[in-house]
Amino acid sequence: MFHFKKLAFLFVLASMVLVACGGGAAPADEPAAPASDAPFGAASCAPDCTYADMVLCYPQLGAESDWRTANSASFKETAETLGVKLIFSDAQQKQENQISAMRSCIQQDVDVIALPPVVETGWDAVLQEAQDANIPVIVVDRSVTADASMYATHIGSDMVLEGKRAAAEFNKLLPDGGNVLELSGTTGSGAAVGRAEGFRADLNSNITILDSQTGNFTRAEGKPVMEAFLKKYEGQIDGVFFHNDDMAIGAVEAIKAAGIQPGDLVMISVDGTRGGFQLMLDGWLQADVECNPLLGPQVMDLGLKLMNGQEIPKEELTDEQTYYADQAEELLPTRKY
Ligand code: AHR
């Protein structure tokens, strides 16, 4: 298949080598710039591409949480504002759907693919296909295990740090130790893996993780997992770590039904959605670790730079913080998601 961008890429690469060599052929002892230094993904409009030139593919992983809804909205609204043509799809939590959507975008010769990977592994083949077509992939939100040379950049949260921030809250609130439970996110997802790792790395040794089960980042699954925990560990639970606010909201229904009162358990969540802030206001959560979903503007800015053959950092981590229950009343009305 003929790829116009590939031709443009080769042209820009050839020009760079010519400029680097003073307009002539490279001397035998001076190798041309390695491919990794080349402006990978440069489009035919480079260096004057604008947002109006951009076709951006976003194979969203699903719609499991308020965080995800806000993330999708951020891409749709930013694309509309900037005049970017967005090819958006919803993979319904299935990696094979995300891969099919990516292949369709490669066929359509889009300018940039922004991939929020549902799980970390299994991306090598499709990343290679995008690379062969000179389409840069920006990994968004969760991480992949593929070698960093397979994609242009990763932008999102530091999931390990989020787990560490949650652990710090438990260490403060359970100074004499105790037993905690973990409601984990989707198994194999960068968010769940990173949060679990950071949590375990920083949790004080006098705090025991009694059990960890996935609630797949959803309210619907958070509730039955919590019901099962409450039954199995009755009288032994001091705290619960939720990998996201939606699972916390589902779990609180089960906790209420069990007659537990706000403040009886130490409960820390991740995301900082309006739902999480409401749980803090109602006394259920003591703290909520921020995970910012509003990544559309940053991704499109990076995409444009790639199209124009500009260098971009290999990773951009979002600047985030921990919110506390005593801030909830003031901050809830200001929350954008
Ligand atoms: O990958 C980010 C996580 O995915 C968010 O914490 C969660 O709410 C979402 O579903």
# chains A, B, ... in the order shown; residues from 1 in each chain; ligands from 1
>>> residues_around(residues="region 269-277 of chain A", least_positions_apart="6", cutoff="6 Å", atoms="only C-alpha atoms", output="number ranges by chain")
A: 241-245, 288-291, 328, 332, 337
>>> write_last_selection(atoms="C-alpha atoms", output="mmCIF file, in the first residue's frame")
data_model
loop_
_atom_site.group_PDB
_atom_site.id
_atom_site.type_symbol
_atom_site.label_atom_id
_atom_site.label_comp_id
_atom_site.auth_asym_id
_atom_site.auth_seq_id
_atom_site.Cartn_x
_atom_site.Cartn_y
_atom_site.Cartn_z
ATOM 1 C CA PHE A 241 -7.659 1.107 49.190
ATOM 2 C CA PHE A 242 -9.716 1.680 46.033
ATOM 3 C CA HIS A 243 -7.884 1.948 42.710
ATOM 4 C CA ASN A 244 -10.589 4.360 41.538
ATOM 5 C CA ASP A 245 -13.555 6.394 42.691
ATOM 6 C CA ASP A 288 -8.449 10.984 47.105
ATOM 7 C CA VAL A 289 -5.267 10.754 45.020
ATOM 8 C CA GLU A 290 -5.615 12.759 41.813
ATOM 9 C CA CYS A 291 -5.412 11.121 38.373
ATOM 10 C CA ALA A 328 -14.000 18.711 49.589
ATOM 11 C CA LEU A 332 -16.228 20.080 44.766
ATOM 12 C CA TYR A 337 -14.862 15.940 36.081
#
>>> closest_atom_pairs(of="chain A", to="ligand 1", cutoff="8 Å", atoms="only C-alpha atoms and all ligand atoms", output="JSON lines")
{"residue": "A:Ala63", "atom": "CA", "partner": "ligand 1", "partner_atom_place_in_ligand_line": "10 (O)", "distance": 7.5}
{"residue": "A:Glu64", "atom": "CA", "partner": "ligand 1", "partner_atom_place_in_ligand_line": "10 (O)", "distance": 5.5}
{"residue": "A:Ser65", "atom": "CA", "partner": "ligand 1", "partner_atom_place_in_ligand_line": "10 (O)", "distance": 4.9}
{"residue": "A:Asp66", "atom": "CA", "partner": "ligand 1", "partner_atom_place_in_ligand_line": "8 (O)", "distance": 6.5}
{"residue": "A:Trp67", "atom": "CA", "partner": "ligand 1", "partner_atom_place_in_ligand_line": "8 (O)", "distance": 4.6}
{"residue": "A:Arg68", "atom": "CA", "partner": "ligand 1", "partner_atom_place_in_ligand_line": "10 (O)", "distance": 5.4}
{"residue": "A:Pro116", "atom": "CA", "partner": "ligand 1", "partner_atom_place_in_ligand_line": "1 (O)", "distance": 7.9}
{"residue": "A:Val118", "atom": "CA", "partner": "ligand 1", "partner_atom_place_in_ligand_line": "1 (O)", "distance": 7.9}
{"residue": "A:Asp141", "atom": "CA", "partner": "ligand 1", "partner_atom_place_in_ligand_line": "1 (O)", "distance": 5.5}
{"residue": "A:Arg142", "atom": "CA", "partner": "ligand 1", "partner_atom_place_in_ligand_line": "1 (O)", "distance": 5.2}
{"residue": "A:Gly185", "atom": "CA", "partner": "ligand 1", "partner_atom_place_in_ligand_line": "7 (C)", "distance": 7.4}
{"residue": "A:Ser189", "atom": "CA", "partner": "ligand 1", "partner_atom_place_in_ligand_line": "1 (O)", "distance": 7.5}
{"residue": "A:Gly190", "atom": "CA", "partner": "ligand 1", "partner_atom_place_in_ligand_line": "1 (O)", "distance": 7.1}
{"residue": "A:Ala191", "atom": "CA", "partner": "ligand 1", "partner_atom_place_in_ligand_line": "1 (O)", "distance": 4.9}
{"residue": "A:Ala192", "atom": "CA", "partner": "ligand 1", "partner_atom_place_in_ligand_line": "1 (O)", "distance": 7.9}
{"residue": "A:Asn216", "atom": "CA", "partner": "ligand 1", "partner_atom_place_in_ligand_line": "10 (O)", "distance": 7.8}
{"residue": "A:Phe217", "atom": "CA", "partner": "ligand 1", "partner_atom_place_in_ligand_line": "10 (O)", "distance": 5.1}
{"residue": "A:Thr218", "atom": "CA", "partner": "ligand 1", "partner_atom_place_in_ligand_line": "10 (O)", "distance": 7.3}
{"residue": "A:His243", "atom": "CA", "partner": "ligand 1", "partner_atom_place_in_ligand_line": "6 (O)", "distance": 6.4}
{"residue": "A:Asn244", "atom": "CA", "partner": "ligand 1", "partner_atom_place_in_ligand_line": "8 (O)", "distance": 4.9}
{"residue": "A:Asp245", "atom": "CA", "partner": "ligand 1", "partner_atom_place_in_ligand_line": "8 (O)", "distance": 6.5}
{"residue": "A:Asp246", "atom": "CA", "partner": "ligand 1", "partner_atom_place_in_ligand_line": "8 (O)", "distance": 6.6}
{"residue": "A:Val270", "atom": "CA", "partner": "ligand 1", "partner_atom_place_in_ligand_line": "6 (O)", "distance": 6.1}
{"residue": "A:Asp271", "atom": "CA", "partner": "ligand 1", "partner_atom_place_in_ligand_line": "6 (O)", "distance": 5.3}
{"residue": "A:Cys291", "atom": "CA", "partner": "ligand 1", "partner_atom_place_in_ligand_line": "6 (O)", "distance": 6.2}
{"residue": "A:Pro293", "atom": "CA", "partner": "ligand 1", "partner_atom_place_in_ligand_line": "2 (C)", "distance": 7.5}
>>> residues_around(residues="Gly194 (chain A)", least_positions_apart="2", cutoff="9 Å", atoms="only C-alpha atoms", output="ChimeraX atom specification")
/A:158-163,189-192,196-199
>>> write_last_selection(atoms="N, CA and C atoms", output="compact mmCIF listing (two decimals), in the first residue's frame")
# COMPACT_ATOMS: atom_id res chain seq x y z
N ASP A 158 1.65 9.16 36.74
CA ASP A 158 2.62 8.24 37.32
C ASP A 158 1.84 7.32 38.27
N MET A 159 1.47 6.16 37.75
CA MET A 159 0.58 5.26 38.50
C MET A 159 1.27 4.71 39.76
N VAL A 160 2.58 4.50 39.67
CA VAL A 160 3.32 3.99 40.84
C VAL A 160 3.27 5.05 41.95
N LEU A 161 3.47 6.30 41.56
CA LEU A 161 3.43 7.40 42.53
C LEU A 161 2.05 7.49 43.18
N GLU A 162 1.00 7.26 42.38
CA GLU A 162 -0.35 7.30 42.95
C GLU A 162 -0.51 6.23 44.04
N GLY A 163 0.02 5.03 43.78
CA GLY A 163 -0.03 3.97 44.80
C GLY A 163 0.76 4.36 46.04
N SER A 189 -3.71 -4.00 33.66
CA SER A 189 -3.68 -2.61 33.15
C SER A 189 -2.54 -1.87 33.84
N GLY A 190 -1.95 -0.93 33.12
CA GLY A 190 -0.86 -0.15 33.68
C GLY A 190 -1.26 0.56 34.96
N ALA A 191 -2.53 1.00 35.02
CA ALA A 191 -3.01 1.73 36.20
C ALA A 191 -3.04 0.80 37.41
N ALA A 192 -3.57 -0.41 37.23
CA ALA A 192 -3.67 -1.35 38.36
C ALA A 192 -2.29 -1.86 38.77
N ALA A 196 -0.71 -0.84 42.43
CA ALA A 196 -0.42 -1.95 43.36
C ALA A 196 1.06 -1.94 43.75
N GLU A 197 1.91 -1.69 42.77
CA GLU A 197 3.36 -1.70 43.03
C GLU A 197 3.75 -0.58 44.00
N GLY A 198 3.29 0.64 43.71
CA GLY A 198 3.63 1.77 44.56
C GLY A 198 3.08 1.61 45.97
N PHE A 199 1.87 1.06 46.05
CA PHE A 199 1.22 0.86 47.35
C PHE A 199 2.04 -0.09 48.22
>>> select_by_dssp(residues="region 44-284 of chain A", states="alpha helix (DSSP H)", output="ChimeraX atom specification")
/A:66-82,95-107,124-132,159-173,190-202,219-232,245-257,274-281
>>> write_last_selection(atoms="C-alpha atoms", output="short mmCIF file (atom, residue, chain, number, x, y, z; two decimals), in the first residue's frame")
data_model
loop_
_atom_site.label_atom_id
_atom_site.label_comp_id
_atom_site.auth_asym_id
_atom_site.auth_seq_id
_atom_site.Cartn_x
_atom_site.Cartn_y
_atom_site.Cartn_z
CA ASP A 66 -16.39 8.82 35.31
CA TRP A 67 -12.65 9.29 34.72
CA ARG A 68 -12.96 7.61 31.32
CA THR A 69 -16.04 9.66 30.39
CA ALA A 70 -14.10 12.83 31.18
CA ASN A 71 -11.12 11.58 29.18
CA SER A 72 -13.27 10.90 26.11
CA ALA A 73 -14.95 14.29 26.45
CA SER A 74 -11.56 15.99 26.70
CA PHE A 75 -10.50 14.49 23.35
CA LYS A 76 -13.80 15.26 21.62
CA GLU A 77 -14.07 18.83 22.91
CA THR A 78 -10.41 19.68 22.24
CA ALA A 79 -10.60 18.28 18.71
CA GLU A 80 -13.68 20.35 17.99
CA THR A 81 -12.14 23.52 19.41
CA LEU A 82 -8.86 23.12 17.54
CA GLN A 95 -7.77 -5.28 23.56
CA GLU A 96 -8.67 -6.98 20.28
CA ASN A 97 -11.15 -4.16 19.56
CA GLN A 98 -8.47 -1.55 20.24
CA ILE A 99 -6.06 -3.37 17.91
CA SER A 100 -8.71 -3.59 15.14
CA ALA A 101 -9.47 0.12 15.55
CA MET A 102 -5.75 0.91 15.27
CA ARG A 103 -5.44 -1.21 12.13
CA SER A 104 -8.37 0.59 10.59
CA CYS A 105 -6.68 3.94 11.39
CA ILE A 106 -3.43 2.73 9.83
CA GLN A 107 -5.39 1.79 6.70
CA ASP A 124 4.21 -5.07 19.76
CA ALA A 125 2.74 -6.24 16.44
CA VAL A 126 0.32 -3.34 15.94
CA LEU A 127 2.91 -0.79 17.12
CA GLN A 128 5.27 -2.20 14.51
CA GLU A 129 2.57 -1.87 11.85
CA ALA A 130 2.05 1.79 12.79
CA GLN A 131 5.78 2.39 12.74
CA ASP A 132 6.12 0.73 9.31
CA MET A 159 0.58 5.26 38.50
CA VAL A 160 3.32 3.99 40.84
CA LEU A 161 3.43 7.40 42.53
CA GLU A 162 -0.35 7.30 42.95
CA GLY A 163 -0.03 3.97 44.80
CA LYS A 164 2.72 5.46 46.96
CA ARG A 165 0.56 8.47 47.75
CA ALA A 166 -2.25 6.17 48.86
CA ALA A 167 0.17 4.19 51.04
CA ALA A 168 1.36 7.43 52.69
CA GLU A 169 -2.22 8.18 53.76
CA PHE A 170 -2.70 4.73 55.30
CA ASN A 171 0.65 5.08 57.10
CA LYS A 172 -0.54 8.38 58.59
CA LEU A 173 -4.03 7.21 59.51
CA GLY A 190 -0.86 -0.15 33.68
CA ALA A 191 -3.01 1.73 36.20
CA ALA A 192 -3.67 -1.35 38.36
CA VAL A 193 -0.13 -2.72 38.09
CA GLY A 194 1.48 0.64 38.92
CA ARG A 195 -0.84 1.50 41.80
CA ALA A 196 -0.42 -1.95 43.36
CA GLU A 197 3.36 -1.70 43.03
CA GLY A 198 3.63 1.77 44.56
CA PHE A 199 1.22 0.86 47.35
CA ARG A 200 3.20 -2.20 48.36
CA ALA A 201 6.51 -0.38 48.08
CA ASP A 202 5.56 2.34 50.59
CA ARG A 219 -19.23 0.73 40.26
CA ALA A 220 -21.15 -2.39 39.24
CA GLU A 221 -18.23 -4.67 40.16
CA GLY A 222 -16.99 -2.65 43.13
CA LYS A 223 -20.13 -3.42 45.10
CA PRO A 224 -20.14 -7.26 44.97
CA VAL A 225 -16.37 -7.43 45.56
CA MET A 226 -16.84 -5.32 48.71
CA GLU A 227 -19.81 -7.45 49.82
CA ALA A 228 -17.65 -10.56 49.54
CA PHE A 229 -14.81 -8.87 51.44
CA LEU A 230 -17.14 -7.79 54.25
CA LYS A 231 -18.45 -11.31 54.60
CA LYS A 232 -15.06 -12.99 54.51
CA ASP A 245 -13.56 6.39 42.69
CA ASP A 246 -16.17 4.41 40.78
CA MET A 247 -15.29 1.22 42.64
CA ALA A 248 -15.34 3.21 45.90
CA ILE A 249 -18.84 4.49 45.10
CA GLY A 250 -20.07 0.94 44.40
CA ALA A 251 -18.33 -0.41 47.51
CA VAL A 252 -19.82 2.27 49.78
CA GLU A 253 -23.27 0.91 48.96
CA ALA A 254 -22.17 -2.46 50.33
CA ILE A 255 -20.44 -0.85 53.32
CA LYS A 256 -23.55 1.17 54.22
CA ALA A 257 -25.72 -1.93 53.90
CA ARG A 274 -16.71 14.72 41.58
CA GLY A 275 -18.01 11.35 42.85
CA GLY A 276 -14.84 10.91 44.90
CA PHE A 277 -15.14 14.43 46.29
CA GLN A 278 -18.75 13.70 47.27
CA LEU A 279 -17.58 10.58 49.14
CA MET A 280 -15.05 12.77 51.01
CA LEU A 281 -17.77 15.33 51.78
#
>>> select_by_dssp(residues="region 129-268 of chain A", states="strand (DSSP E)", output="PyMOL selection string")
chain A and resi 137-140+153-156+178-184+207-214+239-242+266-268
>>> write_last_selection(atoms="C-alpha atoms", output="CSV table (one decimal), in the first residue's frame")
chain,number,residue,atom,x,y,z
A,137,VAL,CA,1.7,6.4,18.3
A,138,ILE,CA,1.3,8.5,21.5
A,139,VAL,CA,0.6,6.1,24.4
A,140,VAL,CA,-1.9,7.9,26.6
A,153,THR,CA,6.0,9.2,23.6
A,154,HIS,CA,3.9,8.3,26.7
A,155,ILE,CA,1.7,10.9,28.4
A,156,GLY,CA,-0.3,10.2,31.5
A,178,GLY,CA,-3.9,-2.7,60.8
A,179,ASN,CA,-5.5,-4.8,58.1
A,180,VAL,CA,-6.4,-3.3,54.7
A,181,LEU,CA,-8.1,-4.5,51.6
A,182,GLU,CA,-7.4,-3.5,48.0
A,183,LEU,CA,-10.1,-3.1,45.3
A,184,SER,CA,-7.9,-3.2,42.3
A,207,ILE,CA,-0.1,-2.7,57.8
A,208,THR,CA,-1.2,-6.0,56.2
A,209,ILE,CA,-3.0,-6.3,52.9
A,210,LEU,CA,-5.5,-8.9,53.8
A,211,ASP,CA,-6.8,-9.4,50.2
A,212,SER,CA,-6.8,-7.8,46.8
A,213,GLN,CA,-9.5,-8.4,44.2
A,214,THR,CA,-10.4,-6.6,40.9
A,239,GLY,CA,-9.1,0.2,55.8
A,240,VAL,CA,-9.8,-0.1,52.1
A,241,PHE,CA,-7.7,1.1,49.2
A,242,PHE,CA,-9.7,1.7,46.0
A,266,VAL,CA,-9.8,4.3,56.6
A,267,MET,CA,-10.7,4.6,53.0
A,268,ILE,CA,-8.5,6.1,50.3
>>> residues_around(residues="Ala287 (chain A)", least_positions_apart="5", cutoff="6 Å", atoms="only C-alpha atoms", output="PDB file with C-alpha atoms, in the first residue's frame")
ATOM      1  CA  ILE A 268      -8.462   6.094  50.306  1.00  0.00           C
ATOM      2  CA  TYR A 323      -6.959  15.887  47.960  1.00  0.00           C
ATOM      3  CA  TYR A 324      -8.289  15.681  51.515  1.00  0.00           C
ATOM      4  CA  ALA A 325     -11.760  15.494  53.029  1.00  0.00           C
TER       5      ALA A 325
END
>>> atom_distance(atom1="CA of Leu306 (chain A)", atom2="CA of Gly62 (chain A)")
26.2 Å
>>> residues_around(residues="Ser89 (chain A)", least_positions_apart="4", cutoff="8 Å", atoms="only C-alpha atoms", output="list in words")
Tyr58, Pro59, Gln60 and Ala101 of chain A
>>> residues_around(residues="region 39-41 of chain A", least_positions_apart="4", cutoff="7 Å", atoms="only C-alpha atoms", output="list in words")
Phe9, Leu13, Asn134, Ile135, Pro136, Leu306, Met307, Gly309, Gln310 and Glu311 of chain A
>>> atom_distance(atom1="CA of Asp53 (chain A)", atom2="CA of Lys305 (chain A)")
12.1 Å
